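Each remark here refers to the structure printed beneath this line.
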Amino acid sequence: MSKTFHVTTFGCQMNEHDSERMKGMLGSLGYTEASEQRDADLILFNTCSIREKADSRFISYLQLAASYKRARHGDVIIGVGGCWAQSVKDEVFRQFPYVDVAFGPGQVHKLAEFLTSDSLTAQGFFEFEGFTGHLPAARERDFQGWVQISAGCNMKCSYCIVPSTRGRQVDRPLDELVAEVREMVAGGVTEITLLGQNVNAYGRAIAPPAPRSSFAALLHELDAIDGLKRIRYTSPHPQDMKEDVVLAHATLDSVMPHMHLPLQSGSSRILKAMRRTYSRERFLDRVALIREHNPDIALTTDIIVGFPGETEADFEETLEVCEEVGFDGAFTFIYSPRRETEAAEFVDAFIDHEVAVARMDRLVEVVQRRANERAQRFVGRTLDVLVEGPSRTDPSRLRGRSGHGKTVNFTGLAEAGEIVPVEIVRATSQTLAGEMSLLARALV
Ligand code: 5AD
Ligand code: SF4
């Protein structure tokens, strides 16, 4: 009987992507996936370290895995990959002696080396060596795929652990990405999401002799691939959001009308302390440019509250920007000090947790109210929806995603992977509800 594995994934879409590659790689080594962690011969975690909560959640999972290992008299391999592993490095073996193998985000392939060697000692691998994009993928859905266009990040945001866990930015050559996407499309993929820590900085960090390129050039090349219907990407940085990318949204059919553009704070003073390299005015100017060329585009964002030194006035500026822009959605976070980051040293300026929580509540109110207002523009319109499966709340209905990235629950008959017209009848800040338009469908 073949050996089995189980992977638990924490964190961002890059980790989702890396986990699919881990699974693909294990498949090619003859492993099969176990549905329950307790039955697996190889228990893997792909970890995140972005906020303290991510760390503590993961550790309780790890302890449970250790109990399964004890129950099987040690005959289980426990592996820990990803950003948390990278941030603690060999320390992991001292703190958690039941861990057999640990590896950083650029070291996924080393897991295969470890599993096929005769080594009985625990091993850690933490030097960036290659893109997981080169490994085979085991995709969750046949019609959607991730594409890792770069690894690492050259920014120095003072709150962020990622530059230290994922290292300097390295981009994959354009030709290689186009070939990868062509192959995915030939295999049935119609929607791709380009992944990178700072996607729109793509192109400058391609290793010679491959030529340099740009994110807009990549979008143009990918749009030209027959059969590829939807291109998404995450996350861009406002600093590198130039007109060429904005125009790509306006002119290329497959580039979806959605942009996730992290604001982080609406106060120029806090943005400076965060080392975000743009001011409130510059951010608003980018939004104006984006909307000038793409009036209907959905804009979503990330915001941190309670950054060290954030005053009531700074926070009100964040509220003002949210009112003014009217995001279609936002991920909101309370600042969490991370080891080896600059802001973690601003201890004297840390904000009381209760103050941060109260600010978060006020922020969520504004974000949701504006998102709700914005969503009403879809009511009465017929949107193309990529069907993903049954609705989570009512299995007699279907669920899918509009081009704007909104979840749509609707009545109708369609297969996962189809793109169908849905007439929107109701909208909230989070989801849209509608009915599949039979007339429009007959005309497609
Ligand atoms: N504390 C809180 N939020 C953070 N983020 C990144 N680092 C931290 C931190 N130390 C948020 C940012 C980023 C998103 C992925 O996570 O908003 O855009
Ligand atoms: Fe978490 Fe950031 Fe690493 Fe993604 S890149 S797994 S969000 S720490």
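The chains in the structure tokens are called A, B, ... from first to last as shown; in each chain the residues are counted from 1, and the ligands are counted from 1 in the order shown.
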Per residue of chain A within 10 Å of ligand 2, record the nearest atom pair and its distance in Å to one decimal, counting only C-alpha atoms and all ligand atoms, with rows in chain order and ascending residue number, as JSON lines.
```
{"residue": "A:Thr9", "atom": "CA", "partner": "ligand 2", "partner_atom_place_in_ligand_line": "6 (S)", "distance": 8.9}
{"residue": "A:Phe10", "atom": "CA", "partner": "ligand 2", "partner_atom_place_in_ligand_line": "6 (S)", "distance": 6.6}
{"residue": "A:Gly11", "atom": "CA", "partner": "ligand 2", "partner_atom_place_in_ligand_line": "6 (S)", "distance": 4.3}
{"residue": "A:Cys12", "atom": "CA", "partner": "ligand 2", "partner_atom_place_in_ligand_line": "4 (Fe)", "distance": 4.2}
{"residue": "A:Gln13", "atom": "CA", "partner": "ligand 2", "partner_atom_place_in_ligand_line": "4 (Fe)", "distance": 6.9}
{"residue": "A:Met14", "atom": "CA", "partner": "ligand 2", "partner_atom_place_in_ligand_line": "4 (Fe)", "distance": 5.9}
{"residue": "A:Asn15", "atom": "CA", "partner": "ligand 2", "partner_atom_place_in_ligand_line": "6 (S)", "distance": 5.4}
{"residue": "A:Glu16", "atom": "CA", "partner": "ligand 2", "partner_atom_place_in_ligand_line": "6 (S)", "distance": 8.8}
{"residue": "A:Asp18", "atom": "CA", "partner": "ligand 2", "partner_atom_place_in_ligand_line": "6 (S)", "distance": 9.7}
{"residue": "A:Asn46", "atom": "CA", "partner": "ligand 2", "partner_atom_place_in_ligand_line": "6 (S)", "distance": 7.8}
{"residue": "A:Thr47", "atom": "CA", "partner": "ligand 2", "partner_atom_place_in_ligand_line": "6 (S)", "distance": 6.0}
{"residue": "A:Cys48", "atom": "CA", "partner": "ligand 2", "partner_atom_place_in_ligand_line": "1 (Fe)", "distance": 3.7}
{"residue": "A:Ser49", "atom": "CA", "partner": "ligand 2", "partner_atom_place_in_ligand_line": "8 (S)", "distance": 4.3}
{"residue": "A:Ile50", "atom": "CA", "partner": "ligand 2", "partner_atom_place_in_ligand_line": "8 (S)", "distance": 3.9}
{"residue": "A:Arg51", "atom": "CA", "partner": "ligand 2", "partner_atom_place_in_ligand_line": "8 (S)", "distance": 7.6}
{"residue": "A:Ala54", "atom": "CA", "partner": "ligand 2", "partner_atom_place_in_ligand_line": "1 (Fe)", "distance": 7.9}
{"residue": "A:Asp55", "atom": "CA", "partner": "ligand 2", "partner_atom_place_in_ligand_line": "1 (Fe)", "distance": 9.6}
{"residue": "A:Gly81", "atom": "CA", "partner": "ligand 2", "partner_atom_place_in_ligand_line": "6 (S)", "distance": 9.8}
{"residue": "A:Gly82", "atom": "CA", "partner": "ligand 2", "partner_atom_place_in_ligand_line": "6 (S)", "distance": 6.3}
{"residue": "A:Cys83", "atom": "CA", "partner": "ligand 2", "partner_atom_place_in_ligand_line": "3 (Fe)", "distance": 4.5}
{"residue": "A:Trp84", "atom": "CA", "partner": "ligand 2", "partner_atom_place_in_ligand_line": "8 (S)", "distance": 7.1}
{"residue": "A:Ala85", "atom": "CA", "partner": "ligand 2", "partner_atom_place_in_ligand_line": "3 (Fe)", "distance": 9.8}
{"residue": "A:Gln86", "atom": "CA", "partner": "ligand 2", "partner_atom_place_in_ligand_line": "3 (Fe)", "distance": 9.1}
{"residue": "A:Ser87", "atom": "CA", "partner": "ligand 2", "partner_atom_place_in_ligand_line": "8 (S)", "distance": 9.2}
{"residue": "A:Gly104", "atom": "CA", "partner": "ligand 2", "partner_atom_place_in_ligand_line": "3 (Fe)", "distance": 9.7}
{"residue": "A:Pro105", "atom": "CA", "partner": "ligand 2", "partner_atom_place_in_ligand_line": "3 (Fe)", "distance": 8.0}
{"residue": "A:Ala151", "atom": "CA", "partner": "ligand 2", "partner_atom_place_in_ligand_line": "5 (S)", "distance": 9.4}
{"residue": "A:Gly152", "atom": "CA", "partner": "ligand 2", "partner_atom_place_in_ligand_line": "5 (S)", "distance": 8.3}
{"residue": "A:Cys153", "atom": "CA", "partner": "ligand 2", "partner_atom_place_in_ligand_line": "5 (S)", "distance": 9.4}
{"residue": "A:Cys160", "atom": "CA", "partner": "ligand 2", "partner_atom_place_in_ligand_line": "2 (Fe)", "distance": 8.1}
{"residue": "A:Ile161", "atom": "CA", "partner": "ligand 2", "partner_atom_place_in_ligand_line": "8 (S)", "distance": 6.4}
{"residue": "A:Val162", "atom": "CA", "partner": "ligand 2", "partner_atom_place_in_ligand_line": "2 (Fe)", "distance": 5.2}
{"residue": "A:Pro163", "atom": "CA", "partner": "ligand 2", "partner_atom_place_in_ligand_line": "5 (S)", "distance": 8.5}
{"residue": "A:Ser164", "atom": "CA", "partner": "ligand 2", "partner_atom_place_in_ligand_line": "8 (S)", "distance": 9.4}
{"residue": "A:Thr165", "atom": "CA", "partner": "ligand 2", "partner_atom_place_in_ligand_line": "3 (Fe)", "distance": 6.9}
{"residue": "A:Arg166", "atom": "CA", "partner": "ligand 2", "partner_atom_place_in_ligand_line": "5 (S)", "distance": 6.9}
{"residue": "A:Gly196", "atom": "CA", "partner": "ligand 2", "partner_atom_place_in_ligand_line": "5 (S)", "distance": 8.9}
{"residue": "A:Gln197", "atom": "CA", "partner": "ligand 2", "partner_atom_place_in_ligand_line": "5 (S)", "distance": 7.0}
```
Go ahead and dump the residues you just picked, N, CA, C and O atoms, as a compact mmCIF listing (two decimals), in the first residue's frame.
```
# COMPACT_ATOMS: atom_id res chain seq x y z
N THR A 9 -2.97 23.92 5.43
CA THR A 9 -2.41 25.17 4.91
C THR A 9 -2.90 26.37 5.70
O THR A 9 -4.10 26.52 5.93
N PHE A 10 -2.00 27.23 6.09
CA PHE A 10 -2.34 28.50 6.75
C PHE A 10 -1.87 29.63 5.85
O PHE A 10 -0.98 29.44 5.02
N GLY A 11 -2.45 30.83 6.06
CA GLY A 11 -1.90 32.01 5.40
C GLY A 11 -2.48 32.33 4.05
O GLY A 11 -3.65 32.05 3.77
N CYS A 12 -1.65 32.88 3.20
CA CYS A 12 -2.12 33.56 1.98
C CYS A 12 -2.27 32.61 0.81
O CYS A 12 -2.00 31.42 0.89
N GLN A 13 -2.66 33.20 -0.33
CA GLN A 13 -2.85 32.40 -1.54
C GLN A 13 -1.53 31.83 -2.04
O GLN A 13 -1.53 30.78 -2.67
N MET A 14 -0.42 32.49 -1.74
CA MET A 14 0.87 31.92 -2.15
C MET A 14 1.06 30.58 -1.44
O MET A 14 1.58 29.63 -2.02
N ASN A 15 0.64 30.51 -0.19
CA ASN A 15 0.74 29.24 0.53
C ASN A 15 -0.21 28.20 -0.05
O ASN A 15 0.13 27.02 -0.11
N GLU A 16 -1.41 28.63 -0.47
CA GLU A 16 -2.34 27.69 -1.12
C GLU A 16 -1.66 27.10 -2.35
O GLU A 16 -1.72 25.90 -2.62
N ASP A 18 1.61 26.94 -2.97
CA ASP A 18 2.73 26.08 -2.60
C ASP A 18 2.23 24.71 -2.12
O ASP A 18 2.86 23.69 -2.38
N ASN A 46 1.78 23.84 6.16
CA ASN A 46 2.36 24.95 5.41
C ASN A 46 1.98 26.20 6.18
O ASN A 46 0.80 26.58 6.22
N THR A 47 2.95 26.82 6.81
CA THR A 47 2.66 27.78 7.88
C THR A 47 2.74 29.24 7.45
O THR A 47 3.36 29.58 6.44
N CYS A 48 2.17 30.08 8.29
CA CYS A 48 2.15 31.52 8.07
C CYS A 48 2.64 32.20 9.34
O CYS A 48 2.48 31.66 10.43
N SER A 49 3.17 33.39 9.18
CA SER A 49 3.70 34.08 10.36
C SER A 49 3.29 35.55 10.36
O SER A 49 3.87 36.35 11.08
N ILE A 50 2.29 35.90 9.55
CA ILE A 50 2.02 37.31 9.29
C ILE A 50 1.60 38.06 10.55
O ILE A 50 1.95 39.20 10.75
N ARG A 51 0.79 37.39 11.40
CA ARG A 51 0.37 37.98 12.67
C ARG A 51 0.55 36.95 13.77
O ARG A 51 0.60 35.76 13.49
N ALA A 54 -1.62 33.91 13.86
CA ALA A 54 -1.32 32.84 12.91
C ALA A 54 -0.36 31.86 13.56
O ALA A 54 -0.50 30.64 13.44
N ASP A 55 0.63 32.35 14.29
CA ASP A 55 1.60 31.49 14.98
C ASP A 55 0.90 30.60 16.00
O ASP A 55 1.10 29.39 16.03
N GLY A 81 6.53 23.44 6.80
CA GLY A 81 7.08 24.31 5.75
C GLY A 81 6.51 25.71 5.87
O GLY A 81 5.64 25.97 6.71
N GLY A 82 6.99 26.61 5.03
CA GLY A 82 6.39 27.95 4.96
C GLY A 82 7.05 28.98 5.84
O GLY A 82 8.16 28.81 6.36
N CYS A 83 6.32 30.09 6.03
CA CYS A 83 6.92 31.30 6.62
C CYS A 83 7.26 31.18 8.10
O CYS A 83 8.25 31.71 8.56
N TRP A 84 6.40 30.52 8.87
CA TRP A 84 6.72 30.37 10.29
C TRP A 84 7.99 29.53 10.43
O TRP A 84 8.90 29.87 11.18
N ALA A 85 8.05 28.43 9.67
CA ALA A 85 9.24 27.57 9.72
C ALA A 85 10.48 28.40 9.38
O ALA A 85 11.51 28.33 10.05
N GLN A 86 10.36 29.22 8.34
CA GLN A 86 11.50 30.03 7.92
C GLN A 86 11.90 31.02 9.02
O GLN A 86 13.07 31.28 9.24
N SER A 87 10.91 31.56 9.72
CA SER A 87 11.21 32.61 10.70
C SER A 87 11.84 32.04 11.98
O SER A 87 12.55 32.75 12.67
N GLY A 104 11.75 26.24 4.39
CA GLY A 104 11.18 27.54 4.10
C GLY A 104 10.43 27.54 2.78
O GLY A 104 10.39 26.52 2.08
N PRO A 105 9.83 28.70 2.41
CA PRO A 105 9.02 28.76 1.19
C PRO A 105 9.79 28.47 -0.10
O PRO A 105 9.21 28.01 -1.06
N ALA A 151 8.98 35.46 -6.36
CA ALA A 151 9.10 35.07 -4.95
C ALA A 151 9.79 36.22 -4.25
O ALA A 151 10.53 36.98 -4.86
N GLY A 152 9.51 36.37 -2.97
CA GLY A 152 10.21 37.39 -2.18
C GLY A 152 9.68 38.79 -2.38
O GLY A 152 8.74 39.03 -3.16
N CYS A 153 10.27 39.72 -1.65
CA CYS A 153 9.78 41.10 -1.68
C CYS A 153 10.93 42.05 -1.32
O CYS A 153 11.64 41.82 -0.35
N CYS A 160 6.17 44.30 8.57
CA CYS A 160 5.96 43.05 7.84
C CYS A 160 7.12 42.07 7.95
O CYS A 160 8.28 42.41 7.72
N ILE A 161 6.77 40.84 8.23
CA ILE A 161 7.77 39.77 8.41
C ILE A 161 8.16 39.14 7.07
O ILE A 161 9.19 38.47 6.97
N VAL A 162 7.34 39.39 6.03
CA VAL A 162 7.54 38.66 4.77
C VAL A 162 8.92 38.86 4.13
O VAL A 162 9.53 37.88 3.70
N PRO A 163 9.46 40.10 4.08
CA PRO A 163 10.79 40.21 3.48
C PRO A 163 11.81 39.32 4.18
O PRO A 163 12.73 38.79 3.54
N SER A 164 11.64 39.09 5.49
CA SER A 164 12.62 38.23 6.15
C SER A 164 12.30 36.75 5.96
O SER A 164 13.20 35.92 5.98
N THR A 165 11.03 36.39 5.74
CA THR A 165 10.75 34.96 5.54
C THR A 165 10.89 34.55 4.08
O THR A 165 11.24 33.42 3.78
N ARG A 166 10.60 35.47 3.18
CA ARG A 166 10.62 35.08 1.76
C ARG A 166 11.78 35.69 0.98
O ARG A 166 11.92 35.44 -0.22
N GLY A 196 2.30 37.00 -6.30
CA GLY A 196 3.60 37.52 -5.93
C GLY A 196 3.39 38.42 -4.73
O GLY A 196 2.26 38.87 -4.49
N GLN A 197 4.45 38.70 -4.00
CA GLN A 197 4.31 39.58 -2.84
C GLN A 197 4.06 41.01 -3.30
O GLN A 197 3.47 41.81 -2.60
```
Test item: residues lying within 7 Å of ligand 1 with only C-alpha atoms and all ligand atoms, as a PyMOL selection string: chain A and resi 50-51+159-161+262+264+302-304+332-338
(request) Give the alpha helix (DSSP H) residues of region 53-169 of chain A, as DSSP finds them on the backbone, and put them as a PyMOL selection string. (result) chain A and resi 53-71+83-88+91-95+108-116+162-166
Next item on the list: Taking the chain letters and numbering used in this document, name the residues of region 287-374 of chain A that DSSP puts in strand (DSSP E or B), as a VMD selection string.
Entry: chain A and resid 298 to 305 329 to 334
If you count only C-alpha atoms, which residues fall within 12 Å of Glu140 (chain A), apart from same-chain ones fewer than 6 positions away, as a PDB file with all heavy atoms, in the first residue's frame?
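Saved to out-v8.pdb:
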```pdb
ATOM      1  N   GLU A  16      -1.409  28.632  -0.474  1.00  0.00           N
ATOM      2  CA  GLU A  16      -2.342  27.693  -1.122  1.00  0.00           C
ATOM      3  C   GLU A  16      -1.662  27.096  -2.354  1.00  0.00           C
ATOM      4  O   GLU A  16      -1.721  25.902  -2.616  1.00  0.00           O
ATOM      5  CB  GLU A  16      -3.618  28.413  -1.596  1.00  0.00           C
ATOM      6  CG  GLU A  16      -4.415  29.078  -0.504  1.00  0.00           C
ATOM      7  CD  GLU A  16      -5.322  28.115   0.225  1.00  0.00           C
ATOM      8  OE1 GLU A  16      -5.546  27.014  -0.291  1.00  0.00           O
ATOM      9  OE2 GLU A  16      -5.788  28.472   1.321  1.00  0.00           O
ATOM     10  N   HIS A  17      -1.037  27.986  -3.106  1.00  0.00           N
ATOM     11  CA  HIS A  17      -0.325  27.555  -4.309  1.00  0.00           C
ATOM     12  C   HIS A  17       0.787  26.577  -3.951  1.00  0.00           C
ATOM     13  O   HIS A  17       0.915  25.503  -4.531  1.00  0.00           O
ATOM     14  CB  HIS A  17       0.242  28.793  -5.027  1.00  0.00           C
ATOM     15  CG  HIS A  17       1.325  28.470  -6.015  1.00  0.00           C
ATOM     16  ND1 HIS A  17       2.660  28.426  -5.649  1.00  0.00           N
ATOM     17  CD2 HIS A  17       1.290  28.167  -7.320  1.00  0.00           C
ATOM     18  CE1 HIS A  17       3.387  28.113  -6.716  1.00  0.00           C
ATOM     19  NE2 HIS A  17       2.578  27.962  -7.742  1.00  0.00           N
ATOM     20  N   SER A  19       1.098  24.707  -1.422  1.00  0.00           N
ATOM     21  CA  SER A  19       0.560  23.421  -0.943  1.00  0.00           C
ATOM     22  C   SER A  19       0.115  22.539  -2.100  1.00  0.00           C
ATOM     23  O   SER A  19       0.305  21.325  -2.073  1.00  0.00           O
ATOM     24  CB  SER A  19      -0.621  23.645   0.010  1.00  0.00           C
ATOM     25  OG  SER A  19      -0.145  24.191   1.213  1.00  0.00           O
ATOM     26  N   GLU A  20      -0.472  23.163  -3.133  1.00  0.00           N
ATOM     27  CA  GLU A  20      -0.867  22.367  -4.303  1.00  0.00           C
ATOM     28  C   GLU A  20       0.364  21.742  -4.943  1.00  0.00           C
ATOM     29  O   GLU A  20       0.328  20.615  -5.431  1.00  0.00           O
ATOM     30  CB  GLU A  20      -1.615  23.236  -5.319  1.00  0.00           C
ATOM     31  CG  GLU A  20      -3.018  23.603  -4.858  1.00  0.00           C
ATOM     32  CD  GLU A  20      -3.851  24.272  -5.945  1.00  0.00           C
ATOM     33  OE1 GLU A  20      -3.276  24.644  -7.002  1.00  0.00           O
ATOM     34  OE2 GLU A  20      -5.068  24.410  -5.743  1.00  0.00           O
ATOM     35  N   ARG A  21       1.451  22.510  -4.944  1.00  0.00           N
ATOM     36  CA  ARG A  21       2.698  21.976  -5.520  1.00  0.00           C
ATOM     37  C   ARG A  21       3.271  20.877  -4.635  1.00  0.00           C
ATOM     38  O   ARG A  21       3.828  19.903  -5.127  1.00  0.00           O
ATOM     39  CB  ARG A  21       3.726  23.091  -5.712  1.00  0.00           C
ATOM     40  CG  ARG A  21       3.229  24.212  -6.605  1.00  0.00           C
ATOM     41  CD  ARG A  21       3.262  23.802  -8.062  1.00  0.00           C
ATOM     42  NE  ARG A  21       2.528  24.747  -8.893  1.00  0.00           N
ATOM     43  CZ  ARG A  21       2.622  24.824 -10.212  1.00  0.00           C
ATOM     44  NH1 ARG A  21       3.409  24.015 -10.877  1.00  0.00           N
ATOM     45  NH2 ARG A  21       1.924  25.699 -10.877  1.00  0.00           N
ATOM     46  N   LYS A  23       1.555  18.848  -2.840  1.00  0.00           N
ATOM     47  CA  LYS A  23       0.725  17.664  -3.084  1.00  0.00           C
ATOM     48  C   LYS A  23       1.096  17.003  -4.405  1.00  0.00           C
ATOM     49  O   LYS A  23       1.167  15.783  -4.509  1.00  0.00           O
ATOM     50  CB  LYS A  23      -0.759  18.040  -3.087  1.00  0.00           C
ATOM     51  CG  LYS A  23      -1.265  18.469  -1.720  1.00  0.00           C
ATOM     52  CD  LYS A  23      -2.734  18.845  -1.790  1.00  0.00           C
ATOM     53  CE  LYS A  23      -3.196  19.420  -0.465  1.00  0.00           C
ATOM     54  NZ  LYS A  23      -4.620  19.811  -0.507  1.00  0.00           N
ATOM     55  N   GLY A  24       1.308  17.844  -5.432  1.00  0.00           N
ATOM     56  CA  GLY A  24       1.693  17.309  -6.744  1.00  0.00           C
ATOM     57  C   GLY A  24       3.012  16.560  -6.655  1.00  0.00           C
ATOM     58  O   GLY A  24       3.180  15.477  -7.222  1.00  0.00           O
ATOM     59  N   TRP A 146      -3.309  28.728  -9.862  1.00  0.00           N
ATOM     60  CA  TRP A 146      -2.419  29.786  -9.395  1.00  0.00           C
ATOM     61  C   TRP A 146      -1.177  29.804 -10.275  1.00  0.00           C
ATOM     62  O   TRP A 146      -0.725  28.759 -10.725  1.00  0.00           O
ATOM     63  CB  TRP A 146      -1.921  29.511  -7.986  1.00  0.00           C
ATOM     64  CG  TRP A 146      -2.911  29.170  -6.929  1.00  0.00           C
ATOM     65  CD1 TRP A 146      -3.024  27.965  -6.295  1.00  0.00           C
ATOM     66  CD2 TRP A 146      -3.869  30.033  -6.318  1.00  0.00           C
ATOM     67  NE1 TRP A 146      -4.004  28.037  -5.332  1.00  0.00           N
ATOM     68  CE2 TRP A 146      -4.544  29.288  -5.334  1.00  0.00           C
ATOM     69  CE3 TRP A 146      -4.230  31.367  -6.530  1.00  0.00           C
ATOM     70  CZ2 TRP A 146      -5.549  29.821  -4.553  1.00  0.00           C
ATOM     71  CZ3 TRP A 146      -5.233  31.894  -5.749  1.00  0.00           C
ATOM     72  CH2 TRP A 146      -5.877  31.138  -4.777  1.00  0.00           C
ATOM     73  N   VAL A 189      -7.774  24.816 -17.708  1.00  0.00           N
ATOM     74  CA  VAL A 189      -7.875  25.997 -16.839  1.00  0.00           C
ATOM     75  C   VAL A 189      -8.409  27.186 -17.645  1.00  0.00           C
ATOM     76  O   VAL A 189      -7.958  27.446 -18.763  1.00  0.00           O
ATOM     77  CB  VAL A 189      -6.488  26.333 -16.218  1.00  0.00           C
ATOM     78  CG1 VAL A 189      -6.488  27.711 -15.585  1.00  0.00           C
ATOM     79  CG2 VAL A 189      -6.098  25.270 -15.200  1.00  0.00           C
ATOM     80  N   GLU A 388     -18.619  27.866  -9.296  1.00  0.00           N
ATOM     81  CA  GLU A 388     -17.626  27.127  -8.503  1.00  0.00           C
ATOM     82  C   GLU A 388     -18.206  25.885  -7.835  1.00  0.00           C
ATOM     83  O   GLU A 388     -17.477  24.999  -7.435  1.00  0.00           O
ATOM     84  CB  GLU A 388     -17.004  28.042  -7.443  1.00  0.00           C
ATOM     85  CG  GLU A 388     -16.104  29.095  -8.087  1.00  0.00           C
ATOM     86  CD  GLU A 388     -15.357  29.988  -7.114  1.00  0.00           C
ATOM     87  OE1 GLU A 388     -15.698  30.017  -5.916  1.00  0.00           O
ATOM     88  OE2 GLU A 388     -14.441  30.678  -7.574  1.00  0.00           O
TER      89      GLU A 388
END
```
Would you pick out the contacts of Ala358 (chain A) at 12 Å or less, using only C-alpha atoms, so that residues sharing its chain but fewer than 3 positions from it are not included, and give the list as an MDAnalysis selection string? chainID A and resid 305:306 312 315 334 351:355 361:365
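Ranking A:Val147, A:Val420, A:Thr428, A:Val385 by their shortest atom-to-atom distance to Glu373 (chain A), with only C-alpha atoms included, puts A:Thr428 first.
A straight line drawn from CA of Gln148 (chain A) to CA of Thr132 (chain A) is 7.8 Å long.
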Name all residues at most 12 Å from Met241 (chain A) (count only C-alpha atoms; drop same-chain ones fewer than 3 positions away) and give them as number ranges by chain.
A: 198-202, 214-216, 235-238, 244-249, 259-262, 278, 282-290
A straight line from CA of Ala371 (chain A) to CA of Thr431 (chain A) spans 10.2 Å
Students should find that CA of Gly130 (chain A) and CA of Tyr233 (chain A) are spaced 20.9 Å
Write out as a ChimeraX atom specification the residues lying within 10 Å of Phe125 (chain A), counting only C-alpha atoms and excluding same-chain residues fewer than 2 positions away.
/A:81,85-86,89-90,101-111,114,123,127-129
Mind writing the picked residues with N, CA, C and O atoms as a CSV table (one decimal), in the first residue's frame?
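Dumped everything to result26.csv:
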```
chain,number,residue,atom,x,y,z
A,81,GLY,N,6.5,23.4,6.8
A,81,GLY,CA,7.1,24.3,5.8
A,81,GLY,C,6.5,25.7,5.9
A,81,GLY,O,5.6,26.0,6.7
A,85,ALA,N,8.1,28.4,9.7
A,85,ALA,CA,9.2,27.6,9.7
A,85,ALA,C,10.5,28.4,9.4
A,85,ALA,O,11.5,28.3,10.1
A,86,GLN,N,10.4,29.2,8.3
A,86,GLN,CA,11.5,30.0,7.9
A,86,GLN,C,11.9,31.0,9.0
A,86,GLN,O,13.1,31.3,9.2
A,89,LYS,N,13.5,28.9,11.9
A,89,LYS,CA,14.6,28.0,11.4
A,89,LYS,C,14.8,26.8,12.3
A,89,LYS,O,13.9,26.2,12.8
A,90,ASP,N,16.1,26.5,12.6
A,90,ASP,CA,16.4,25.3,13.3
A,90,ASP,C,15.9,25.3,14.8
A,90,ASP,O,15.8,24.2,15.4
A,101,VAL,N,11.1,17.3,9.7
A,101,VAL,CA,11.7,18.1,8.6
A,101,VAL,C,11.0,19.4,8.6
A,101,VAL,O,9.8,19.6,8.8
A,102,ALA,N,11.9,20.5,8.4
A,102,ALA,CA,11.3,21.8,8.3
A,102,ALA,C,12.0,22.5,7.1
A,102,ALA,O,13.1,22.3,6.8
A,103,PHE,N,11.2,23.3,6.4
A,103,PHE,CA,11.7,24.0,5.2
A,103,PHE,C,11.0,25.3,5.0
A,103,PHE,O,9.8,25.5,5.3
A,104,GLY,N,11.8,26.2,4.4
A,104,GLY,CA,11.2,27.5,4.1
A,104,GLY,C,10.4,27.5,2.8
A,104,GLY,O,10.4,26.5,2.1
A,105,PRO,N,9.8,28.7,2.4
A,105,PRO,CA,9.0,28.8,1.2
A,105,PRO,C,9.8,28.5,-0.1
A,105,PRO,O,9.2,28.0,-1.1
A,106,GLY,N,11.1,28.7,-0.1
A,106,GLY,CA,11.9,28.4,-1.3
A,106,GLY,C,12.5,27.1,-1.4
A,106,GLY,O,13.4,26.8,-2.1
A,107,GLN,N,12.0,26.2,-0.5
A,107,GLN,CA,12.7,24.9,-0.2
A,107,GLN,C,11.8,23.7,-0.3
A,107,GLN,O,12.1,22.7,0.2
A,108,VAL,N,10.6,23.9,-0.9
A,108,VAL,CA,9.6,22.8,-1.0
A,108,VAL,C,10.2,21.6,-1.6
A,108,VAL,O,9.9,20.5,-1.1
A,109,HIS,N,11.0,21.7,-2.6
A,109,HIS,CA,11.6,20.6,-3.3
A,109,HIS,C,12.5,19.7,-2.4
A,109,HIS,O,12.6,18.5,-2.6
A,110,LYS,N,13.0,20.4,-1.4
A,110,LYS,CA,13.9,19.6,-0.4
A,110,LYS,C,13.1,18.6,0.4
A,110,LYS,O,13.7,17.6,0.9
A,111,LEU,N,11.8,18.8,0.5
A,111,LEU,CA,11.0,17.8,1.1
A,111,LEU,C,11.1,16.4,0.4
A,111,LEU,O,11.3,15.4,1.1
A,114,PHE,N,14.4,14.9,1.2
A,114,PHE,CA,14.4,14.3,2.6
A,114,PHE,C,13.7,13.0,2.6
A,114,PHE,O,14.1,12.0,3.2
A,123,GLN,N,15.9,17.4,9.8
A,123,GLN,CA,16.7,18.3,8.9
A,123,GLN,C,15.9,19.5,8.6
A,123,GLN,O,14.6,19.5,8.5
A,127,GLU,N,17.5,27.9,2.7
A,127,GLU,CA,18.0,28.9,1.7
A,127,GLU,C,17.1,28.9,0.5
A,127,GLU,O,16.8,27.8,0.0
A,128,PHE,N,16.8,30.1,0.0
A,128,PHE,CA,15.9,30.1,-1.2
A,128,PHE,C,16.6,29.4,-2.4
A,128,PHE,O,17.8,29.7,-2.7
A,129,GLU,N,16.0,28.4,-3.0
A,129,GLU,CA,16.7,27.7,-4.1
A,129,GLU,C,15.9,27.7,-5.4
A,129,GLU,O,16.4,27.5,-6.4
```
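Among the candidates A:Phe327, A:Leu174, A:Arg359, A:Phe58, the residue lying nearest to Pro208 (chain A) is A:Leu174 (atoms considered: only C-alpha atoms).
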Judged by only C-alpha atoms, the minimum distance to Arg232 (chain A) among A:Arg426, A:Arg212, A:His258, A:Lys3 is found for A:His258
| said: When you look at Ser254 (chain A) with a cut-off of 7 Å (counting only C-alpha atoms), what residues show up, excluding the ones that are within fewer than 4 positions of it in the same chain? I need them as a PyMOL selection string. | reply: chain A and resi 223+229-231
